[in-house]
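Engineer: One structure is given below, represented as structure tokens, and several questions about it will come after.
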Amino acid sequence: MFQLRKLVLRGAGVMDATETFEPGGNILAGESDTGKSYLLHCVDYVFGADELRKRIPEAEGYSDLFVELGKV
């Protein structure tokens, strides 16, 4: 079994956007239009979706998506 530990968006000329996940349950909370759904679409894409179905203007500079997985 594995656990998603980190998700990183990277692109030329922009700072990395990183979300870190702790062991156990994690809660995504925030104002509307702050990227919560986009983050879930990124995870879906990493785990096999044919395409990244949601695009947001804030992510335009990013071209690569990385994940860190760890054993539970």
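Every chain in the structure tokens takes a letter, A first, then B, and so on in the order presented; its residues are numbered from 1, and the ligands are numbered from 1 following the presented order.
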Could you list, as a list in words, every residue within 7 Å of range 67-72 of chain A, counting only C-alpha atoms and ignoring same-chain residues fewer than 3 positions away?
Structural biologist: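 Near neighbours after the sequence-gap exclusion: Met1, Phe2, Gln3, Leu4, Arg5, Lys6, Leu7 and Val8 of chain A.
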Engineer: Kindly save the residues from that selection, with C-alpha atoms included, as a PDB file, in the first residue's frame.
Structural biologist:
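selection03.pdb was written with the following content:
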```
ATOM      1  CA  MET A   1       0.000   0.000   0.000  1.00  0.00           C
ATOM      2  CA  PHE A   2       1.172   3.548  -0.648  1.00  0.00           C
ATOM      3  CA  GLN A   3       0.390   7.087   0.389  1.00  0.00           C
ATOM      4  CA  LEU A   4       0.442  10.306  -1.612  1.00  0.00           C
ATOM      5  CA  ARG A   5       2.933  12.517   0.226  1.00  0.00           C
ATOM      6  CA  LYS A   6       3.539  15.467  -2.062  1.00  0.00           C
ATOM      7  CA  LEU A   7       2.247  16.981  -5.293  1.00  0.00           C
ATOM      8  CA  VAL A   8       4.426  19.492  -7.166  1.00  0.00           C
TER       9      VAL A   8
END
```
Engineer: Give me, as a list in words, all polymer residues having an atom no more than 9 Å from range 30-46 of chain A, counting only C-alpha atoms and skipping those fewer than 4 positions away in the same chain.
Structural biologist: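 Once the nearby chain positions are removed, what remains is Leu7, Glu19, Asp50, Glu51, Leu52, Arg53, Lys54, Arg55, Ile56, Glu58, Leu65, Phe66 and Val67 of chain A.
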Engineer: For the selection you just gave me, I'd like the residues written to a file as a compact mmCIF listing (two decimals), in the first residue's frame, keeping all heavy atoms.
Structural biologist:
```
# COMPACT_ATOMS: atom_id res chain seq x y z
N LEU A 7 2.60 16.68 -3.92
CA LEU A 7 2.25 16.98 -5.29
C LEU A 7 2.94 18.28 -5.65
O LEU A 7 2.84 19.26 -4.88
CB LEU A 7 0.72 17.13 -5.43
CG LEU A 7 0.20 17.34 -6.82
CD1 LEU A 7 -0.07 15.99 -7.46
CD2 LEU A 7 -1.07 18.15 -6.78
N GLU A 19 2.02 20.95 -2.67
CA GLU A 19 1.07 20.60 -1.62
C GLU A 19 1.58 19.32 -0.96
O GLU A 19 1.87 18.34 -1.64
CB GLU A 19 -0.34 20.38 -2.18
CG GLU A 19 -1.39 20.19 -1.14
CD GLU A 19 -1.57 21.38 -0.23
OE1 GLU A 19 -1.65 22.51 -0.73
OE2 GLU A 19 -1.63 21.17 1.00
N ASP A 50 -6.86 10.20 -18.70
CA ASP A 50 -6.32 10.46 -20.03
C ASP A 50 -5.84 11.89 -20.22
O ASP A 50 -4.95 12.15 -21.02
CB ASP A 50 -7.36 10.14 -21.10
CG ASP A 50 -7.65 8.65 -21.20
OD1 ASP A 50 -6.76 7.85 -20.82
OD2 ASP A 50 -8.74 8.29 -21.64
N GLU A 51 -6.47 12.80 -19.52
CA GLU A 51 -6.11 14.21 -19.65
C GLU A 51 -6.41 14.93 -18.35
O GLU A 51 -7.18 14.47 -17.53
CB GLU A 51 -6.87 14.86 -20.80
CG GLU A 51 -8.37 14.87 -20.59
CD GLU A 51 -9.12 15.51 -21.74
OE1 GLU A 51 -9.03 16.73 -21.87
OE2 GLU A 51 -9.77 14.77 -22.49
N LEU A 52 -5.75 16.08 -18.18
CA LEU A 52 -6.04 16.94 -17.04
C LEU A 52 -7.27 17.74 -17.41
O LEU A 52 -7.21 18.67 -18.20
CB LEU A 52 -4.84 17.85 -16.74
CG LEU A 52 -4.92 18.73 -15.52
CD1 LEU A 52 -5.18 17.92 -14.26
CD2 LEU A 52 -3.63 19.51 -15.36
N ARG A 53 -8.42 17.34 -16.87
CA ARG A 53 -9.71 17.86 -17.35
C ARG A 53 -10.03 19.27 -16.94
O ARG A 53 -10.89 19.90 -17.53
CB ARG A 53 -10.83 16.92 -16.91
CG ARG A 53 -10.72 15.57 -17.58
CD ARG A 53 -11.92 14.74 -17.39
NE ARG A 53 -12.17 14.47 -15.98
CZ ARG A 53 -13.19 13.80 -15.54
NH1 ARG A 53 -14.10 13.36 -16.37
NH2 ARG A 53 -13.34 13.57 -14.26
N LYS A 54 -9.38 19.78 -15.93
CA LYS A 54 -9.69 21.14 -15.50
C LYS A 54 -8.44 21.99 -15.69
O LYS A 54 -7.35 21.60 -15.31
CB LYS A 54 -10.13 21.17 -14.04
CG LYS A 54 -10.51 22.55 -13.57
CD LYS A 54 -11.14 22.53 -12.20
CE LYS A 54 -11.59 23.92 -11.83
NZ LYS A 54 -12.38 23.92 -10.63
N ARG A 55 -8.60 23.12 -16.28
CA ARG A 55 -7.50 24.08 -16.45
C ARG A 55 -7.89 25.37 -15.75
O ARG A 55 -9.04 25.79 -15.81
CB ARG A 55 -7.24 24.37 -17.93
CG ARG A 55 -6.86 23.16 -18.74
CD ARG A 55 -5.45 22.78 -18.47
NE ARG A 55 -5.06 21.64 -19.29
CZ ARG A 55 -3.86 21.16 -19.31
NH1 ARG A 55 -2.92 21.69 -18.58
NH2 ARG A 55 -3.59 20.11 -20.05
N ILE A 56 -6.91 25.99 -15.11
CA ILE A 56 -7.17 27.28 -14.46
C ILE A 56 -6.08 28.26 -14.91
O ILE A 56 -4.94 27.85 -15.15
CB ILE A 56 -7.22 27.16 -12.93
CG1 ILE A 56 -5.93 26.59 -12.36
CG2 ILE A 56 -8.42 26.32 -12.49
CD1 ILE A 56 -5.86 26.59 -10.84
N GLU A 58 -4.29 30.35 -13.33
CA GLU A 58 -3.13 30.41 -12.42
C GLU A 58 -2.12 29.31 -12.70
O GLU A 58 -0.96 29.41 -12.30
CB GLU A 58 -3.60 30.31 -10.96
CG GLU A 58 -4.41 31.48 -10.49
CD GLU A 58 -5.89 31.39 -10.86
OE1 GLU A 58 -6.31 30.41 -11.49
OE2 GLU A 58 -6.62 32.34 -10.53
N LEU A 65 4.13 17.91 -13.71
CA LEU A 65 3.42 17.53 -12.50
C LEU A 65 4.15 16.32 -11.90
O LEU A 65 4.36 15.32 -12.58
CB LEU A 65 1.97 17.17 -12.85
CG LEU A 65 1.05 16.68 -11.75
CD1 LEU A 65 0.92 17.69 -10.63
CD2 LEU A 65 -0.32 16.37 -12.33
N PHE A 66 4.56 16.45 -10.65
CA PHE A 66 5.28 15.38 -9.97
C PHE A 66 4.55 14.99 -8.69
O PHE A 66 3.89 15.83 -8.08
CB PHE A 66 6.69 15.86 -9.58
CG PHE A 66 7.54 16.26 -10.73
CD1 PHE A 66 7.59 17.59 -11.13
CD2 PHE A 66 8.28 15.32 -11.43
CE1 PHE A 66 8.37 17.98 -12.22
CE2 PHE A 66 9.07 15.70 -12.49
CZ PHE A 66 9.11 17.03 -12.90
N VAL A 67 4.71 13.73 -8.32
CA VAL A 67 4.17 13.26 -7.04
C VAL A 67 5.27 12.52 -6.29
O VAL A 67 6.19 11.97 -6.88
CB VAL A 67 2.94 12.35 -7.18
CG1 VAL A 67 1.77 13.08 -7.75
CG2 VAL A 67 3.26 11.12 -7.97
```
Engineer: Using DSSP on the backbone, list every residue of chain A that comes out as strand (DSSP E or B), and give them as JSON, numbers by chain.
Structural biologist: {"A": [2, 3, 4, 5, 6, 7, 8, 9, 10, 11, 14, 15, 16, 17, 18, 19, 20, 64, 65, 66, 67, 68, 69, 70, 71]}
Engineer: What is the CA of Pro57 in chain A-CA of Val14 in chain A distance in Å, reported with one decimal?
Structural biologist: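 It comes out at 13.4 Å.
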